[in-house]
$ cat query-v4.cif   # mmCIF, C-alpha atoms and all ligand atoms
data_model
loop_
_atom_site.label_atom_id
_atom_site.label_comp_id
_atom_site.auth_asym_id
_atom_site.auth_seq_id
_atom_site.Cartn_x
_atom_site.Cartn_y
_atom_site.Cartn_z
CA MET A 1 0.00 0.00 0.00
CA LYS A 2 1.22 3.46 -0.78
CA LYS A 3 2.55 5.55 2.08
CA THR A 4 -0.07 8.26 1.60
CA TRP A 5 -2.85 5.69 2.01
CA ILE A 6 -1.33 4.38 5.23
CA VAL A 7 -1.14 7.93 6.60
CA PHE A 8 -4.72 8.56 5.49
CA LEU A 9 -5.99 5.38 7.20
CA LEU A 10 -4.08 6.19 10.41
CA VAL A 11 -5.64 9.67 10.50
CA PHE A 12 -9.07 8.22 9.72
CA PHE A 13 -8.93 5.58 12.48
CA SER A 14 -7.53 7.95 15.08
CA ALA A 15 -10.37 10.37 14.24
CA CYS A 16 -12.84 7.51 14.81
CA LEU A 17 -11.25 6.66 18.15
CA THR A 18 -11.18 10.26 19.41
CA PRO A 19 -14.51 10.99 21.09
CA ALA A 20 -16.42 13.89 19.53
CA ALA A 21 -16.60 17.09 21.54
CA ARG A 22 -19.87 17.60 23.37
CA TRP A 23 -21.47 20.12 25.69
CA VAL A 24 -21.86 19.35 29.39
CA LYS A 25 -23.84 21.33 31.93
CA GLY A 26 -22.54 22.08 35.41
CA ASN A 27 -22.49 24.33 38.45
CA THR A 28 -19.22 25.73 39.79
CA HIS A 29 -20.50 26.95 43.16
CA ALA A 30 -22.52 24.90 45.70
CA HIS A 31 -22.55 24.56 49.48
CA THR A 32 -23.46 21.60 51.67
CA ASN A 33 -24.08 21.22 55.40
CA ARG A 34 -20.33 20.83 55.83
CA SER A 35 -20.35 24.64 55.78
CA ASP A 36 -23.50 26.81 55.62
CA GLY A 37 -25.67 24.82 53.19
CA ASN A 38 -28.68 22.95 54.56
CA GLU A 39 -28.24 19.56 52.88
CA TYR A 40 -25.86 16.60 53.06
CA PRO A 41 -23.18 16.46 50.35
CA HIS A 42 -24.55 13.27 48.76
CA ARG A 43 -28.04 14.79 48.51
CA VAL A 44 -26.68 18.03 47.02
CA ALA A 45 -24.90 15.95 44.39
CA ARG A 46 -28.05 13.89 43.83
CA TRP A 47 -30.12 17.03 43.19
CA TYR A 48 -27.83 18.10 40.35
CA GLN A 49 -27.60 14.62 38.89
CA ASP A 50 -31.38 14.25 38.93
CA HIS A 51 -31.86 17.59 37.17
CA GLY A 52 -29.84 17.04 34.03
CA TYR A 53 -26.39 18.26 35.05
CA GLN A 54 -23.19 16.44 34.07
CA PHE A 55 -20.88 18.00 36.65
CA LEU A 56 -20.95 19.74 40.01
CA PHE A 57 -18.21 21.46 42.00
CA ILE A 58 -18.84 21.35 45.76
CA THR A 59 -17.36 24.55 47.16
CA ASP A 60 -17.90 24.77 50.91
CA HIS A 61 -16.38 27.73 52.75
CA ASP A 62 -12.68 27.36 53.60
CA MET A 63 -12.58 23.58 53.28
CA VAL A 64 -12.43 20.91 50.59
CA THR A 65 -15.39 18.60 51.17
CA PRO A 66 -14.38 15.07 50.09
CA THR A 67 -16.14 14.15 46.85
CA ALA A 68 -14.54 10.79 46.04
CA PRO A 69 -16.90 8.83 48.34
CA LEU A 70 -19.86 10.54 46.63
CA ASP A 71 -18.74 9.67 43.13
CA ALA A 72 -17.35 6.14 43.32
CA ASP A 73 -18.36 5.29 39.75
CA GLY A 74 -16.77 8.40 38.21
CA SER A 75 -18.34 9.37 34.90
CA ALA A 76 -19.93 5.91 34.31
CA ASP A 77 -23.34 7.47 35.05
CA ASP A 78 -22.54 10.61 32.98
CA PHE A 79 -22.22 12.77 36.10
CA ILE A 80 -19.10 13.76 38.03
CA ILE A 81 -18.63 15.54 41.32
CA ILE A 82 -15.51 17.70 41.43
CA PRO A 83 -13.92 18.99 44.62
CA GLY A 84 -13.63 22.69 45.33
CA GLU A 85 -13.34 25.28 48.06
CA GLU A 86 -14.72 28.77 48.47
CA ILE A 87 -11.83 30.74 49.94
CA SER A 88 -13.76 33.26 52.06
CA LEU A 89 -11.73 36.29 53.11
CA THR A 90 -13.11 39.53 54.46
CA LEU A 91 -11.85 43.09 54.58
CA GLY A 92 -14.06 44.92 57.05
CA ARG A 93 -17.57 44.26 55.74
CA ARG A 94 -16.34 43.52 52.22
CA GLN A 95 -15.97 39.97 50.96
CA ALA A 96 -13.20 38.50 48.83
CA HIS A 97 -14.66 35.10 47.98
CA VAL A 98 -12.68 33.09 45.45
CA ASN A 99 -13.46 29.53 44.44
CA SER A 100 -10.60 27.09 44.07
CA LEU A 101 -11.89 24.55 41.54
CA ASN A 102 -10.53 20.99 41.56
CA PRO A 103 -7.62 21.64 43.96
CA ARG A 104 -5.21 18.99 45.23
CA SER A 105 -5.46 20.40 48.77
CA PRO A 106 -7.14 23.11 50.86
CA ALA A 107 -5.89 26.65 50.27
CA ALA A 108 -4.14 28.79 52.87
CA ALA A 109 -4.91 32.46 52.33
CA LYS A 110 -4.98 35.61 54.45
CA ALA A 111 -6.54 39.01 53.85
CA GLY A 112 -4.18 41.79 52.76
CA ALA A 113 -4.21 45.54 53.33
CA THR A 114 -6.39 46.26 50.30
CA MET A 115 -9.12 44.43 48.39
CA ALA A 116 -6.77 43.97 45.41
CA GLU A 117 -4.12 42.40 47.64
CA THR A 118 -6.72 40.22 49.39
CA LEU A 119 -8.07 38.94 46.07
CA GLN A 120 -4.55 38.26 44.80
CA ASN A 121 -3.75 36.35 48.00
CA ALA A 122 -6.81 34.17 47.50
CA ILE A 123 -6.02 33.60 43.80
CA ASP A 124 -2.40 32.70 44.59
CA ALA A 125 -3.53 30.34 47.37
CA ALA A 126 -5.93 28.60 44.97
CA LEU A 127 -3.17 28.23 42.36
CA ARG A 128 -0.70 26.87 44.95
CA ALA A 129 -3.33 24.29 45.95
CA GLY A 130 -3.64 23.24 42.29
CA GLY A 131 -7.07 24.85 41.89
CA LEU A 132 -8.56 26.99 39.15
CA PRO A 133 -9.58 30.34 40.69
CA GLN A 134 -13.00 31.94 40.18
CA ILE A 135 -13.89 35.34 41.69
CA ASN A 136 -17.35 35.13 43.22
CA HIS A 137 -20.19 37.66 43.55
CA PRO A 138 -18.08 40.84 43.17
CA PHE A 139 -20.99 43.17 43.96
CA ARG A 140 -22.30 41.39 47.06
CA ARG A 141 -21.99 44.06 49.76
CA TRP A 142 -20.49 46.13 46.92
CA SER A 143 -17.24 44.43 47.84
CA ILE A 144 -15.14 44.54 44.67
CA SER A 145 -14.61 47.32 42.11
CA ALA A 146 -13.04 47.25 38.65
CA ASP A 147 -9.95 48.95 40.10
CA ASP A 148 -9.63 46.14 42.66
CA MET A 149 -9.55 43.61 39.82
CA LYS A 150 -7.57 45.37 37.06
CA GLY A 151 -4.09 44.29 38.14
CA LEU A 152 -4.96 40.73 39.21
CA ARG A 153 -2.80 37.92 37.87
CA GLY A 154 -3.60 34.24 37.37
CA VAL A 155 -7.38 34.48 37.17
CA ARG A 156 -9.65 33.97 34.18
CA LEU A 157 -13.07 33.27 35.77
CA PHE A 158 -15.52 35.50 37.57
CA GLU A 159 -19.21 35.28 38.35
CA VAL A 160 -21.06 37.55 35.96
CA LEU A 161 -24.19 36.02 37.50
CA ASN A 162 -24.30 34.77 41.09
CA MET A 163 -27.91 33.76 41.63
CA PRO A 164 -28.78 34.42 45.31
CA ARG A 165 -30.56 37.62 46.15
CA GLU A 166 -27.76 39.78 47.57
CA SER A 167 -25.48 39.67 44.54
CA ASN A 168 -26.43 42.97 42.80
CA ASN A 169 -25.82 41.55 39.32
CA PHE A 170 -27.85 44.06 37.36
CA PRO A 171 -27.44 47.77 36.50
CA ALA A 172 -29.36 50.06 38.86
CA GLY A 173 -28.80 52.91 41.25
CA GLY A 174 -25.62 54.10 39.57
CA SER A 175 -24.06 50.63 39.25
CA GLY A 176 -23.37 49.25 35.79
CA GLY A 177 -23.95 45.71 37.06
CA THR A 178 -21.53 42.83 36.82
CA GLU A 179 -21.78 42.86 33.03
CA GLY A 180 -20.61 46.50 33.07
CA LEU A 181 -17.75 45.48 35.35
CA TRP A 182 -16.83 42.74 32.86
CA ASP A 183 -16.73 45.17 29.93
CA GLU A 184 -14.63 47.66 31.88
CA LEU A 185 -12.09 44.95 32.70
CA LEU A 186 -12.07 43.51 29.17
CA THR A 187 -11.60 47.01 27.75
CA SER A 188 -8.62 47.52 30.08
CA GLY A 189 -7.00 44.46 28.50
CA MET A 190 -7.78 41.84 31.14
CA VAL A 191 -8.93 38.48 29.75
CA LEU A 192 -11.85 37.35 31.86
CA TYR A 193 -14.59 34.78 31.31
CA GLY A 194 -18.09 35.10 32.78
CA VAL A 195 -19.64 32.30 34.84
CA ALA A 196 -23.25 31.92 36.04
CA ALA A 197 -23.49 29.94 39.28
CA ASP A 198 -26.14 28.92 41.79
CA ASP A 199 -24.09 29.49 44.97
CA SER A 200 -26.73 27.07 46.26
CA HIS A 201 -27.34 26.70 50.00
CA ASP A 202 -31.06 25.94 50.33
CA PHE A 203 -32.15 22.48 49.17
CA HIS A 204 -35.39 22.09 51.05
CA GLY A 205 -38.10 24.05 52.72
CA GLU A 206 -39.99 26.78 50.96
CA PHE A 207 -38.99 27.82 47.48
CA LEU A 208 -38.74 31.59 47.72
CA PRO A 209 -36.87 34.21 45.68
CA GLY A 210 -34.82 35.24 48.72
CA LEU A 211 -33.29 31.80 49.21
CA ALA A 212 -30.25 30.30 47.47
CA HIS A 213 -31.88 27.41 45.65
CA PRO A 214 -30.19 25.19 43.06
CA GLY A 215 -30.97 25.27 39.34
CA ARG A 216 -30.84 28.99 38.57
CA GLY A 217 -27.51 29.67 36.86
CA TRP A 218 -24.99 27.31 35.29
CA VAL A 219 -22.23 26.86 32.73
CA VAL A 220 -22.15 24.63 29.66
CA ALA A 221 -18.62 23.55 28.71
CA ARG A 222 -17.24 21.77 25.65
CA VAL A 223 -15.31 18.58 26.45
CA ASN A 224 -14.28 15.39 24.70
CA GLN A 225 -14.54 13.28 27.82
CA LEU A 226 -16.32 13.99 31.08
CA THR A 227 -13.40 14.41 33.49
CA ALA A 228 -12.57 17.07 36.08
CA GLU A 229 -9.42 17.95 34.12
CA GLU A 230 -11.29 18.46 30.85
CA VAL A 231 -14.03 20.53 32.50
CA CYS A 232 -11.41 22.76 34.15
CA ALA A 233 -9.42 23.07 30.91
CA ALA A 234 -12.57 24.17 29.03
CA LEU A 235 -13.37 26.74 31.74
CA GLU A 236 -9.79 28.05 31.79
CA LYS A 237 -9.70 28.63 28.03
CA GLY A 238 -13.22 30.08 27.85
CA ASP A 239 -14.73 27.20 25.89
CA PHE A 240 -18.07 27.46 27.66
CA TYR A 241 -21.08 29.71 28.04
CA ALA A 242 -23.04 30.82 31.09
CA SER A 243 -26.82 30.44 31.15
CA THR A 244 -29.96 30.98 33.17
CA GLY A 245 -32.13 28.96 30.78
CA ILE A 246 -31.04 29.45 27.18
CA GLU A 247 -29.53 26.43 25.47
CA LEU A 248 -27.27 26.79 22.45
CA ALA A 249 -27.35 24.26 19.63
CA ASP A 250 -24.03 25.54 18.31
CA LEU A 251 -21.31 28.05 19.19
CA GLN A 252 -18.33 28.72 16.93
CA VAL A 253 -15.85 31.43 17.85
CA GLY A 254 -13.59 31.59 14.81
CA ASP A 255 -10.78 33.81 13.53
CA ARG A 256 -13.09 35.79 11.27
CA GLU A 257 -16.55 35.53 12.80
CA TYR A 258 -18.54 34.72 15.92
CA ARG A 259 -21.46 32.41 15.24
CA LEU A 260 -24.13 30.81 17.40
CA THR A 261 -27.45 29.02 17.11
CA VAL A 262 -30.04 28.95 19.88
CA LYS A 263 -31.97 25.76 20.55
CA PRO A 264 -35.64 26.83 20.37
CA HIS A 265 -37.98 26.31 23.30
CA ARG A 266 -41.67 26.38 22.41
CA GLU A 267 -42.68 29.88 21.30
CA THR A 268 -39.92 31.75 23.10
CA ARG A 269 -38.23 34.49 21.06
CA TYR A 270 -34.54 35.36 21.17
CA THR A 271 -32.18 38.27 20.49
CA THR A 272 -28.40 38.06 20.34
CA PHE A 273 -26.27 41.10 21.12
CA PHE A 274 -22.67 41.17 19.94
CA ILE A 275 -20.73 43.41 22.29
CA GLY A 276 -17.29 45.00 21.87
CA GLY A 277 -14.86 47.36 23.62
CA SER A 278 -16.39 49.66 26.30
CA GLY A 279 -19.54 47.53 26.23
CA ARG A 280 -20.61 48.94 22.85
CA VAL A 281 -23.35 46.95 21.09
CA LEU A 282 -21.86 46.05 17.70
CA ALA A 283 -24.89 44.23 16.33
CA GLN A 284 -28.27 42.99 17.44
CA VAL A 285 -29.83 39.94 15.76
CA ASP A 286 -33.34 38.55 16.32
CA GLY A 287 -34.01 34.84 15.82
CA LEU A 288 -32.21 31.57 16.42
CA ASP A 289 -29.12 32.10 14.24
CA ALA A 290 -26.70 34.95 14.83
CA VAL A 291 -23.38 35.67 13.18
CA TYR A 292 -20.98 38.59 13.48
CA ALA A 293 -18.00 39.11 11.15
CA TYR A 294 -15.15 40.97 12.87
CA ARG A 295 -14.19 44.37 11.48
CA GLY A 296 -10.87 44.47 13.34
CA ASP A 297 -11.37 47.52 15.55
CA GLU A 298 -13.62 46.00 18.23
CA THR A 299 -10.88 45.23 20.85
CA TYR A 300 -12.91 42.15 21.78
CA VAL A 301 -16.19 40.56 20.77
CA ARG A 302 -18.54 38.64 23.03
CA ALA A 303 -22.15 37.53 22.58
CA LYS A 304 -25.11 37.77 24.90
CA VAL A 305 -28.45 36.11 24.15
CA VAL A 306 -31.68 37.17 25.83
CA SER A 307 -35.10 35.57 25.56
CA SER A 308 -38.68 36.77 25.81
CA MET A 309 -38.82 34.73 29.04
CA GLY A 310 -36.10 36.84 30.64
CA GLU A 311 -33.44 34.15 30.36
CA MET A 312 -29.85 34.96 29.41
CA ALA A 313 -26.78 33.30 27.99
CA PHE A 314 -23.32 34.88 28.11
CA CYS A 315 -20.74 33.65 25.62
CA GLN A 316 -17.07 34.35 26.18
CA PRO A 317 -15.02 37.18 24.66
CA VAL A 318 -12.53 36.73 21.87
CA LEU A 319 -9.78 39.29 21.38
CA VAL A 320 -9.86 40.96 17.99
CA ARG A 321 -6.80 42.59 16.46
CA LYS A 322 -6.41 44.45 13.20
ZN ZN A 401 -19.37 33.67 48.77
ZN ZN A 402 -20.78 30.53 48.16
#
$ encode --input "query-v4.cif" --output "structure tokens" --more "lines below"
Ligand SMILES: [Zn+2]
Ligand SMILES: [Zn+2]
Amino acid sequence: MKKTWIVFLLVFFSACLTPAARWVKGNTHAHTNRSDGNEYPHRVARWYQDHGYQFLFITDHDMVTPTAPLDADGSADDFIIIPGEEISLTLGRRQAHVNSLNPRSPAAAKAGATMAETLQNAIDAALRAGGLPQINHPFRRWSISADDMKGLRGVRLFEVLNMPRESNNFPAGGSGGTEGLWDELLTSGMVLYGVAADDSHDFHGEFLPGLAHPGRGWVVARVNQLTAEEVCAALEKGDFYASTGIELADLQVGDREYRLTVKPHRETRYTTFFIGGSGRVLAQVDGLDAVYAYRGDETYVRAKVVSSMGEMAFCQPVLVRK
């Protein structure tokens, strides 16, 4: 057989053996009764498994709750539980809460003299513990400003949507909301990806808006295989979107254009906003399919989808250069 055919067959068979990429749904922020949640770890995990998630990070305050006993079969049931810790520092009334996702060990962090220093201490502690850092609920108690975050090193993830009531996600009263914070930081040159997370604490009792129930905000990440390492790698490189209900059928962030397709739900209507430097709306597209071809002067391009039901999806920014 000719050499070219052998090469062709090798490529063909290796392509067949490599599992196709797929989207998996998960929550990066959940508490159990090991800290201030009101449910046992195995029941917290069970809730997410029973409600269509493929992964869950358990992130109790200042401790790594053991997840191995909860997930003895690994991904055999198409659901994995990944360890985590919410490093919970305070500076006066202000909170510097940083998740350490899939660490090897608990983090050791102390508050600094300023919020920026405190956040950097938490990020560094997460990295030393082998975890992927995620800055949580920046506007809870109006704790963290853009200036506090601008010089941070070693962090790619922050909660653009933290679902409990006190998180002040949306623009009002002079605040530009967490999305405004995101655009300010992206415009300053920081590369930051937006997460939506439950920060769930309340798993039973009354279901009220003021409680921190599960199932409100999540991420959908692209992986080949369902492992903690692949989920973290997808989060770290921004190969995911954040959602409060919108499901995407496709998302392609290419060199020349940004393209997505929404999966329709009954008679719900959708609009996609493509957003660039300083939070400027570059284009607005109604319907299920949206595409934006880069002009070259946008600084970055990200996409946000909203629905007539009030749901949102945030897709991650890509840097655009002339
Ligand atoms: Zn917190
Ligand atoms: Zn929390």
$ residues_near_ligand --input "query-v4.cif" --ligand "ligand ZN 401 (chain A)" --cutoff "9 Å" --atoms "only C-alpha atoms and all ligand atoms" --output "compact mmCIF listing (two decimals) with C-alpha atoms, keeping the file's coordinate frame"
# COMPACT_ATOMS: atom_id res chain seq x y z
CA HIS A 29 -20.50 26.95 43.16
CA HIS A 61 -16.38 27.73 52.75
CA GLU A 86 -14.72 28.77 48.47
CA ILE A 87 -11.83 30.74 49.94
CA SER A 88 -13.76 33.26 52.06
CA GLN A 95 -15.97 39.97 50.96
CA ALA A 96 -13.20 38.50 48.83
CA HIS A 97 -14.66 35.10 47.98
CA VAL A 98 -12.68 33.09 45.45
CA ASN A 99 -13.46 29.53 44.44
CA ASN A 136 -17.35 35.13 43.22
CA HIS A 137 -20.19 37.66 43.55
CA ARG A 140 -22.30 41.39 47.06
CA ASP A 199 -24.09 29.49 44.97
$ closest_residue --input "query-v4.cif" --among "A:Asp78, A:Asp250, A:Glu311, A:Asp62" --to "ligand ZN 402 (chain A)" --atoms "all atoms listed in the file"
A:Asp62
$ closest_residue --input "query-v4.cif" --among "A:Trp47, A:Trp23, A:Phe273, A:Phe57" --to "ligand ZN 402 (chain A)" --atoms "only C-alpha atoms and all ligand atoms"
A:Phe57
$ closest_residue --input "query-v4.cif" --among "A:Thr227, A:Ser200, A:Ser75, A:Thr272" --to "Thr32 of chain A" --atoms "only C-alpha atoms"
A:Ser200
$ atom_distance --input "query-v4.cif" --atom1 "atom CA of Leu282 of chain A" --atom2 "atom CA of Glu184 of chain A"
16.0 Å
$ residues_around --input "query-v4.cif" --residues "Leu319 of chain A" --least-positions-apart "2" --cutoff "12 Å" --atoms "only C-alpha atoms" --output "number ranges by chain"
A: 186-187, 189-193, 238, 253-258, 275-277, 294-302, 316-317, 321-322
$ atom_distance --input "query-v4.cif" --atom1 "atom CA of Pro214 of chain A" --atom2 "atom CA of Ala30 of chain A"
8.1 Å
$ decode --input "query-v4.cif" --residues "segment 203-221 of chain A" --atoms "N, CA, C and O atoms" --output "tab-separated table (two decimals), in the first residue's frame"
chain	number	residue	atom	x	y	z
A	203	PHE	N	-31.68	23.62	49.97
A	203	PHE	CA	-32.15	22.48	49.17
A	203	PHE	C	-33.50	21.95	49.61
A	203	PHE	O	-34.03	21.04	49.01
A	204	HIS	N	-34.03	22.47	50.70
A	204	HIS	CA	-35.39	22.09	51.05
A	204	HIS	C	-36.07	23.20	51.81
A	204	HIS	O	-35.46	24.25	52.05
A	205	GLY	N	-37.31	22.98	52.13
A	205	GLY	CA	-38.10	24.05	52.72
A	205	GLY	C	-38.80	24.81	51.62
A	205	GLY	O	-38.95	24.32	50.50
A	206	GLU	N	-39.23	26.00	51.93
A	206	GLU	CA	-39.99	26.78	50.96
A	206	GLU	C	-39.12	27.25	49.81
A	206	GLU	O	-37.95	27.57	49.99
A	207	PHE	N	-39.71	27.31	48.64
A	207	PHE	CA	-38.99	27.82	47.48
A	207	PHE	C	-39.36	29.29	47.29
A	207	PHE	O	-40.41	29.61	46.78
A	208	LEU	N	-38.48	30.16	47.74
A	208	LEU	CA	-38.74	31.59	47.72
A	208	LEU	C	-37.61	32.31	46.99
A	208	LEU	O	-36.47	31.85	47.00
A	209	PRO	N	-37.92	33.48	46.41
A	209	PRO	CA	-36.87	34.21	45.68
A	209	PRO	C	-35.68	34.58	46.55
A	209	PRO	O	-34.57	34.70	46.08
A	210	GLY	N	-35.90	34.80	47.84
A	210	GLY	CA	-34.82	35.24	48.72
A	210	GLY	C	-33.85	34.15	49.12
A	210	GLY	O	-32.83	34.43	49.74
A	211	LEU	N	-34.16	32.89	48.80
A	211	LEU	CA	-33.29	31.80	49.21
A	211	LEU	C	-32.35	31.41	48.08
A	211	LEU	O	-32.56	31.75	46.92
A	212	ALA	N	-31.29	30.68	48.45
A	212	ALA	CA	-30.25	30.30	47.47
A	212	ALA	C	-30.50	28.87	46.99
A	212	ALA	O	-29.83	27.93	47.41
A	213	HIS	N	-31.51	28.74	46.14
A	213	HIS	CA	-31.88	27.41	45.65
A	213	HIS	C	-31.00	26.98	44.48
A	213	HIS	O	-30.44	27.83	43.79
A	214	PRO	N	-30.95	25.68	44.22
A	214	PRO	CA	-30.19	25.19	43.06
A	214	PRO	C	-30.99	25.38	41.77
A	214	PRO	O	-32.21	25.61	41.80
A	215	GLY	N	-30.30	25.32	40.64
A	215	GLY	CA	-30.97	25.27	39.34
A	215	GLY	C	-31.22	26.60	38.67
A	215	GLY	O	-31.99	26.69	37.72
A	216	ARG	N	-30.54	27.65	39.11
A	216	ARG	CA	-30.84	28.99	38.57
A	216	ARG	C	-29.81	29.51	37.57
A	216	ARG	O	-30.16	30.25	36.65
A	217	GLY	N	-28.55	29.20	37.77
A	217	GLY	CA	-27.51	29.67	36.86
A	217	GLY	C	-26.44	28.61	36.72
A	217	GLY	O	-26.07	27.98	37.71
A	218	TRP	N	-25.94	28.40	35.50
A	218	TRP	CA	-24.99	27.31	35.29
A	218	TRP	C	-24.05	27.64	34.13
A	218	TRP	O	-24.18	28.67	33.47
A	219	VAL	N	-23.10	26.75	33.90
A	219	VAL	CA	-22.23	26.86	32.73
A	219	VAL	C	-22.39	25.60	31.88
A	219	VAL	O	-22.75	24.54	32.40
A	220	VAL	N	-22.13	25.76	30.59
A	220	VAL	CA	-22.15	24.63	29.66
A	220	VAL	C	-20.79	24.64	28.97
A	220	VAL	O	-20.44	25.62	28.29
A	221	ALA	N	-20.02	23.58	29.18
A	221	ALA	CA	-18.62	23.55	28.71
A	221	ALA	C	-18.46	22.48	27.63
A	221	ALA	O	-19.18	21.47	27.62
